[in-house]
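> Got a file for you: entry_4.txt, compact mmCIF, C-alpha atoms and all ligand atoms.
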```txt
# COMPACT_ATOMS: atom_id res chain seq x y z
CA MET F 1 -6.33 -25.24 -12.25
CA LYS F 2 -6.91 -21.76 -11.01
CA GLU F 3 -10.29 -22.74 -9.53
CA ASN F 4 -8.50 -24.74 -6.82
CA ASN F 5 -6.30 -21.82 -5.79
CA ARG F 6 -6.68 -20.61 -2.27
CA LYS F 7 -7.13 -16.85 -2.30
CA ILE F 8 -4.25 -14.89 -0.83
CA ARG F 9 -5.47 -13.18 2.34
CA ILE F 10 -4.67 -9.47 2.16
CA ALA F 11 -4.49 -6.81 4.87
CA VAL F 12 -4.47 -3.19 3.66
CA PHE F 13 -2.83 -0.61 5.94
CA VAL F 14 -4.17 2.96 5.66
CA SER F 15 -3.97 6.32 7.43
CA GLY F 16 -6.07 8.77 5.46
CA GLY F 17 -8.51 9.17 2.58
CA GLY F 18 -8.01 5.65 1.30
CA THR F 19 -8.45 6.27 -2.42
CA ASN F 20 -5.92 3.51 -3.11
CA LEU F 21 -7.90 1.20 -0.84
CA GLY F 22 -10.93 2.23 -2.92
CA ALA F 23 -9.11 1.20 -6.10
CA LEU F 24 -8.27 -2.18 -4.57
CA ILE F 25 -11.87 -2.74 -3.44
CA LYS F 26 -13.09 -1.85 -6.95
CA ALA F 27 -10.59 -4.28 -8.50
CA GLN F 28 -11.81 -6.99 -6.16
CA GLN F 29 -15.47 -6.29 -6.99
CA GLU F 30 -14.76 -6.26 -10.72
CA GLY F 31 -12.76 -9.49 -10.61
CA LEU F 32 -9.36 -8.02 -11.53
CA LEU F 33 -8.04 -8.94 -8.12
CA CYS F 34 -9.02 -12.58 -8.53
CA ASP F 35 -6.20 -14.35 -6.67
CA GLY F 36 -6.49 -12.32 -3.48
CA GLU F 37 -9.10 -11.14 -1.04
CA ILE F 38 -8.94 -8.10 1.24
CA VAL F 39 -9.93 -9.52 4.61
CA LEU F 40 -8.66 -6.78 6.92
CA VAL F 41 -8.03 -3.04 6.88
CA ILE F 42 -5.77 -1.59 9.57
CA SER F 43 -5.79 2.16 10.10
CA SER F 44 -3.17 4.07 12.09
CA LYS F 45 -5.75 6.86 12.55
CA ALA F 46 -9.21 6.59 14.10
CA ASP F 47 -10.68 9.30 11.87
CA ALA F 48 -9.36 8.02 8.53
CA TYR F 49 -12.01 8.15 5.78
CA ALA F 50 -10.54 4.85 4.55
CA LEU F 51 -12.42 3.23 7.46
CA THR F 52 -15.74 4.34 5.94
CA ARG F 53 -14.68 2.77 2.62
CA SER F 54 -13.90 -0.57 4.26
CA LYS F 55 -17.17 -0.51 6.23
CA ASP F 56 -19.18 0.23 3.07
CA ALA F 57 -17.47 -2.70 1.35
CA GLY F 58 -18.17 -5.01 4.28
CA ILE F 59 -14.49 -5.49 5.10
CA GLU F 60 -13.42 -5.89 8.73
CA SER F 61 -11.25 -3.08 10.03
CA ALA F 62 -9.19 -2.21 13.09
CA VAL F 63 -7.66 1.01 14.38
CA VAL F 64 -4.15 0.71 15.80
CA GLU F 65 -2.76 4.03 17.01
CA LYS F 66 0.81 4.37 18.21
CA LYS F 67 -0.05 7.31 20.45
CA VAL F 68 -2.66 5.19 22.23
CA LEU F 69 -0.41 2.14 22.59
CA GLY F 70 2.53 4.24 23.77
CA SER F 71 5.47 2.68 21.93
CA GLN F 72 6.58 1.35 18.54
CA GLU F 73 6.96 -2.10 20.06
CA ARG F 74 3.38 -2.23 21.35
CA PHE F 75 2.07 -0.70 18.13
CA GLU F 76 3.74 -3.39 16.03
CA SER F 77 2.86 -6.21 18.45
CA GLU F 78 -0.82 -5.30 18.17
CA ILE F 79 -0.59 -5.25 14.37
CA ILE F 80 1.16 -8.64 14.35
CA ARG F 81 -1.52 -10.06 16.65
CA LEU F 82 -4.26 -8.95 14.24
CA LEU F 83 -2.36 -10.28 11.21
CA GLU F 84 -1.91 -13.66 12.84
CA GLU F 85 -5.52 -13.81 14.01
CA LYS F 86 -6.73 -13.20 10.43
CA GLN F 87 -4.03 -15.46 8.89
CA ILE F 88 -2.82 -12.71 6.59
CA ASP F 89 -0.53 -13.68 3.69
CA LEU F 90 0.13 -10.28 2.16
CA ILE F 91 0.24 -6.71 3.52
CA VAL F 92 -0.47 -3.72 1.26
CA LEU F 93 0.55 -0.27 2.49
CA ALA F 94 -1.87 2.11 0.77
CA GLY F 95 -1.14 5.56 2.14
CA PHE F 96 0.04 4.16 5.48
CA MET F 97 1.89 7.03 7.15
CA SER F 98 3.40 5.23 10.17
CA ILE F 99 6.92 3.90 10.18
CA LEU F 100 7.38 0.14 10.45
CA SER F 101 10.63 -1.00 12.07
CA GLU F 102 13.10 -3.51 10.66
CA ASN F 103 11.87 -5.88 13.34
CA PHE F 104 8.46 -5.79 11.65
CA THR F 105 9.49 -5.71 7.98
CA SER F 106 11.97 -8.58 8.39
CA ARG F 107 9.13 -10.84 9.56
CA TYR F 108 7.43 -10.49 6.18
CA PRO F 109 10.09 -10.64 3.43
CA GLU F 110 8.49 -9.84 0.04
CA ARG F 111 5.11 -9.99 1.76
CA ILE F 112 4.69 -6.23 2.19
CA ILE F 113 3.86 -4.00 -0.79
CA ASN F 114 3.85 -0.20 -0.82
CA VAL F 115 2.61 2.39 -3.30
CA HIS F 116 4.76 5.52 -3.52
CA PRO F 117 3.76 8.62 -5.51
CA SER F 118 6.97 9.12 -7.54
CA LEU F 119 9.26 7.20 -9.85
CA ILE F 120 11.67 5.64 -7.34
CA PRO F 121 14.61 6.37 -6.90
CA SER F 122 13.47 9.99 -7.31
CA PHE F 123 11.72 11.82 -4.45
CA CYS F 124 11.61 8.90 -2.06
CA GLY F 125 13.00 7.78 1.29
CA LYS F 126 12.86 9.50 4.64
CA GLY F 127 10.61 12.59 4.71
CA TYR F 128 9.04 11.97 1.29
CA TYR F 129 5.39 11.11 1.73
CA GLY F 130 2.01 12.37 0.57
CA LEU F 131 1.93 15.91 -0.78
CA ARG F 132 5.60 16.50 0.07
CA VAL F 133 6.64 14.18 -2.75
CA HIS F 134 4.79 16.29 -5.32
CA GLU F 135 6.04 19.56 -3.81
CA ALA F 136 9.61 18.25 -4.19
CA ALA F 137 9.03 17.14 -7.80
CA LEU F 138 7.63 20.57 -8.75
CA GLU F 139 10.39 22.37 -6.88
CA TYR F 140 13.04 20.38 -8.74
CA GLY F 141 11.34 21.07 -12.04
CA VAL F 142 11.12 17.52 -13.39
CA LYS F 143 8.83 17.12 -16.38
CA VAL F 144 7.85 13.52 -15.71
CA THR F 145 6.90 11.91 -12.42
CA GLY F 146 4.68 8.93 -11.63
CA ALA F 147 4.10 6.16 -9.14
CA THR F 148 5.93 3.05 -8.00
CA VAL F 149 4.69 -0.13 -6.37
CA HIS F 150 7.47 -1.96 -4.58
CA PHE F 151 8.18 -4.53 -1.89
CA VAL F 152 9.00 -3.13 1.52
CA ASN F 153 12.26 -3.92 3.29
CA GLU F 154 14.27 -2.18 6.01
CA ILE F 155 15.30 0.66 3.67
CA PRO F 156 12.58 3.34 3.30
CA ASP F 157 11.21 2.98 -0.27
CA GLY F 158 14.20 0.72 -1.00
CA GLY F 159 12.66 -2.69 -1.71
CA ARG F 160 12.44 -4.41 -5.10
CA ILE F 161 10.29 -2.55 -7.63
CA ILE F 162 7.22 -4.41 -8.90
CA MET F 163 5.61 -1.85 -11.21
CA GLN F 164 5.96 1.81 -12.24
CA LYS F 165 3.95 4.23 -14.37
CA ALA F 166 4.99 7.66 -15.60
CA VAL F 167 2.82 10.79 -15.48
CA TYR F 168 3.60 14.09 -17.25
CA ILE F 169 3.81 17.30 -15.27
CA GLN F 170 1.88 20.18 -16.84
CA ASP F 171 2.45 23.93 -16.73
CA GLY F 172 0.76 25.50 -13.74
CA ASP F 173 0.52 22.27 -11.74
CA THR F 174 0.14 22.72 -8.00
CA PRO F 175 1.13 19.90 -5.62
CA GLU F 176 -2.58 19.12 -5.12
CA VAL F 177 -3.35 18.98 -8.85
CA LEU F 178 -0.30 16.83 -9.49
CA GLN F 179 -1.12 14.51 -6.60
CA ARG F 180 -4.58 13.90 -8.05
CA ARG F 181 -3.23 13.25 -11.57
CA VAL F 182 -0.60 10.80 -10.26
CA MET F 183 -3.32 8.95 -8.36
CA GLU F 184 -5.74 8.83 -11.30
CA GLU F 185 -3.24 8.04 -14.03
CA ALA F 186 -0.85 5.83 -12.11
CA GLU F 187 -1.50 4.73 -8.51
CA TRP F 188 -5.10 3.53 -8.89
CA ILE F 189 -4.08 1.56 -11.99
CA ILE F 190 -0.80 -0.07 -11.01
CA LEU F 191 -1.54 -0.81 -7.35
CA PRO F 192 -4.39 -3.28 -8.11
CA GLN F 193 -2.41 -4.75 -11.02
CA ALA F 194 0.70 -5.25 -8.90
CA VAL F 195 -1.26 -6.74 -6.00
CA GLN F 196 -2.94 -9.18 -8.38
CA GLN F 197 0.45 -10.07 -9.92
CA VAL F 198 1.95 -10.84 -6.50
CA CYS F 199 -1.16 -12.76 -5.36
CA SER F 200 -1.11 -14.86 -8.52
CA GLN F 201 2.56 -15.68 -7.92
CA LEU F 202 2.00 -16.51 -4.25
CA ALA F 203 -1.06 -18.64 -5.09
CA SER F 204 0.87 -20.68 -7.65
CA ASP F 205 3.81 -21.06 -5.22
CA THR F 206 1.36 -22.44 -2.63
CA ILE F 207 0.06 -25.03 -5.10
CA LYS F 208 3.59 -26.21 -5.95
CA LYS F 209 4.35 -26.82 -2.25
C1 LIG U 1 -1.00 8.28 -1.98
O1 LIG U 1 -0.63 9.23 -2.93
C2 LIG U 1 0.16 7.35 -1.67
O2 LIG U 1 0.95 7.06 -2.79
C3 LIG U 1 0.92 8.17 -0.68
O3 LIG U 1 -0.07 8.75 0.13
C4 LIG U 1 -1.27 8.91 -0.62
C5 LIG U 1 -2.40 8.24 0.14
O4 LIG U 1 -3.64 8.49 -0.48
N1 LIG U 1 1.85 7.36 0.06
C6 LIG U 1 3.04 7.78 0.42
O5 LIG U 1 3.45 8.90 0.24
C7 LIG U 1 3.89 6.75 1.12
N2 LIG U 1 5.29 7.12 1.11
P1 LIG U 1 -4.90 7.57 -0.17
O6 LIG U 1 -5.07 7.49 1.34
O7 LIG U 1 -6.04 8.35 -0.82
O8 LIG U 1 -4.68 6.23 -0.81
```
As C-alpha cells, please, write out the structure in this file.
Ligand code: GAR


Amino acid sequence: MKENNRKIRIAVFVSGGGTNLGALIKAQQEGLLCDGEIVLVISSKADAYALTRSKDAGIESAVVEKKVLGSQERFESEIIRLLEEKQIDLIVLAGFMSILSENFTSRYPERIINVHPSLIPSFCGKGYYGLRVHEAALEYGVKVTGATVHFVNEIPDGGRIIMQKAVYIQDGDTPEVLQRRVMEEAEWIILPQAVQQVCSQLASDTIKK
C-alpha cells in the first residue's frame, strides 16, 4: 500500500558546493528517493553554490547565518522556526559546516542524518571536516577510506551508523583527488540510498500509527 504513504518531508542543510545535495535531487528526480521529498534547503552561508542547485531544482531555500544572528541560540531558534513552518520530518546534513548544539540535536532523535567522508570511527569527531578528513587519512597512510552515513546525536559523528562504503586510496593521491573519489564512489551513492531507507522506515511507521 505504498501509494497511500505520505512522503517524508526532508530539509537538507548545506554550507558549500552542495554536490551531495545534487545527488539527493537527482535521486528524487529519478525516483530512487520515492518515500521522501526535499521541501527545504537551509544554508549556513549566503554564497553557497548549493543554493543555486536548490533554485534550479525549484526547491525553497533559506539562508541562516550565525554571524548575522549573533548567537548559537538565535541561529538554532531560526532554524527550528523554519523546520516547524515547513513541517519537516527529517533533516539531512549534507556538507553542513556549522555546529548544532545538544539542545538542537536532542529535539530530533534519529531524525537527523549526516554524511561524513571517512569510515567512522576513523578520522571523525571534532576538527575533522571537509578536506581535513582526507588530509588526515593520507597523513596516517591508511590504504582504505570511504564514507559513512549516520544519525546525529550529541556526540560529533557519534550517532548510529546507517550505511558505509569503502574507497581505495591510490599512490600519489592528494587530499583533493581523494575527496573527489570518496564523493563519486561513496557519498553520492550511499547518501541517497540511506535517506530513502530511513524515509521508507518512517513512512511505514506513520502508517502503523
Ligand atoms: C562532503 O565531502 C561531506 O562529506 C563533508 O563535506 C563535503 C561537502 O561537500 N562533510 C563533512 O566533512 C562533515 N563532517 P558538498 O557541499 O559538495 O556536498

> If we count all atoms listed in the file and set the cut-off at 10 Å, which residues sit around Ala137 in chain F, ignoring sequence neighbours fewer than 4 positions away in its own chain? Please answer as a ChimeraX atom specification.

/F:118,122-123,132-133,141-145,169,175,178

> List the neighbours of Glu76 in chain F out to 9 Å using only C-alpha atoms; skip same-chain residues closer than 3 positions along the sequence, and give me the result as a VMD selection string.

chain F and resid 64 66 71 to 73 79 to 81 100 to 101 103 to 104

> Using all atoms listed in the file, can you list as a CSV table (one decimal) with C-alpha atoms, in the coordinates of the input the residues within 7 Å of (1.9, 9.3, -11.3)?


```csv
chain,number,residue,atom,x,y,z
F,117,PRO,CA,3.8,8.6,-5.5
F,118,SER,CA,7.0,9.1,-7.5
F,145,THR,CA,6.9,11.9,-12.4
F,146,GLY,CA,4.7,8.9,-11.6
F,147,ALA,CA,4.1,6.2,-9.1
F,165,LYS,CA,4.0,4.2,-14.4
F,166,ALA,CA,5.0,7.7,-15.6
F,167,VAL,CA,2.8,10.8,-15.5
F,181,ARG,CA,-3.2,13.2,-11.6
F,182,VAL,CA,-0.6,10.8,-10.3
F,183,MET,CA,-3.3,9.0,-8.4
F,185,GLU,CA,-3.2,8.0,-14.0
F,186,ALA,CA,-0.8,5.8,-12.1
F,187,GLU,CA,-1.5,4.7,-8.5
```

> Taking all atoms of ligand LIG 1 (chain U) that the file lists and extending 5 Å past them on each side, where is the centre of the axis-aligned box and how long are its edges? Answer in Å to one decimal, as lines of an AutoDock Vina configuration file.


```
center_x = -0.4
center_y = 7.7
center_z = -0.8
size_x = 21.3
size_y = 13.0
size_z = 14.3
```

> Calculated over only C-alpha atoms, which of the candidates F:Val198, F:Ile88, F:Val115, F:Leu32 has the smallest distance to Tyr129 in chain F?

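Among the listed residues, the smallest separation from Tyr129 in chain F belongs to F:Val115.
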
> Looking at F:Ala203, F:Ala48, F:Val152, F:Val12, which one is nearest to Ile99 in chain F, with distances taken over all atoms listed in the file?

F:Val152

> Out of F:Gln170, F:Ser200, F:Ser15, F:Asn153, which residue has the shortest atom-to-atom distance to Val41 in chain F when counting all atoms listed in the file?

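Ranking F:Gln170, F:Ser200, F:Ser15, F:Asn153 by distance to Val41 in chain F, first place goes to F:Ser15.
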
> Choose the residue, out of F:Gly95, F:Pro121, F:Gly70, F:Pro156, that has the smallest atom-to-atom separation from ligand LIG 1 (chain U); count all atoms listed in the file.

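Counting all atoms listed in the file, the residue closest to ligand LIG 1 (chain U) is F:Gly95.
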
> Find the residues near Glu37 in chain F: any atom within 6 Å, counting only C-alpha atoms, skip ones fewer than 2 places away on the same chain, and give them as a PyMOL selection string.

chain F and resi 9-10+39

> Closest to ligand LIG 1 (chain U) among F:Ile8, F:Ile38, F:Ile190, F:Ala27, using all atoms listed in the file?

F:Ile190

> Would you work out the distance separating CA of Pro109 in chain F from CA of Leu93 in chain F, expressed in Å to one decimal?

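A separation of 14.1 Å between them.
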
> When distances are computed from all atoms listed in the file, which of F:Gln87, F:Ser61, F:Ser44, F:Gln179 shows the smallest separation from His116 in chain F?

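Under the stated criterion, the closest residue is F:Gln179.
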
> Go ahead and compute the interatomic distance for CA of Asp157 in chain F and CA of Glu135 in chain F, in Å to one decimal.

17.7 Å

> Please report the interatomic distance between CA of Leu83 in chain F and CA of Ala11 in chain F in Å with one decimal.

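Going from CA of Leu83 in chain F over to CA of Ala11 in chain F covers 7.5 Å.
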
> Show me, as a ChimeraX atom specification, the residues that have an atom within 8 Å of Leu24 in chain F when counting only C-alpha atoms, minus same-chain residues fewer than 6 positions from it.

/F:33,188,191-192
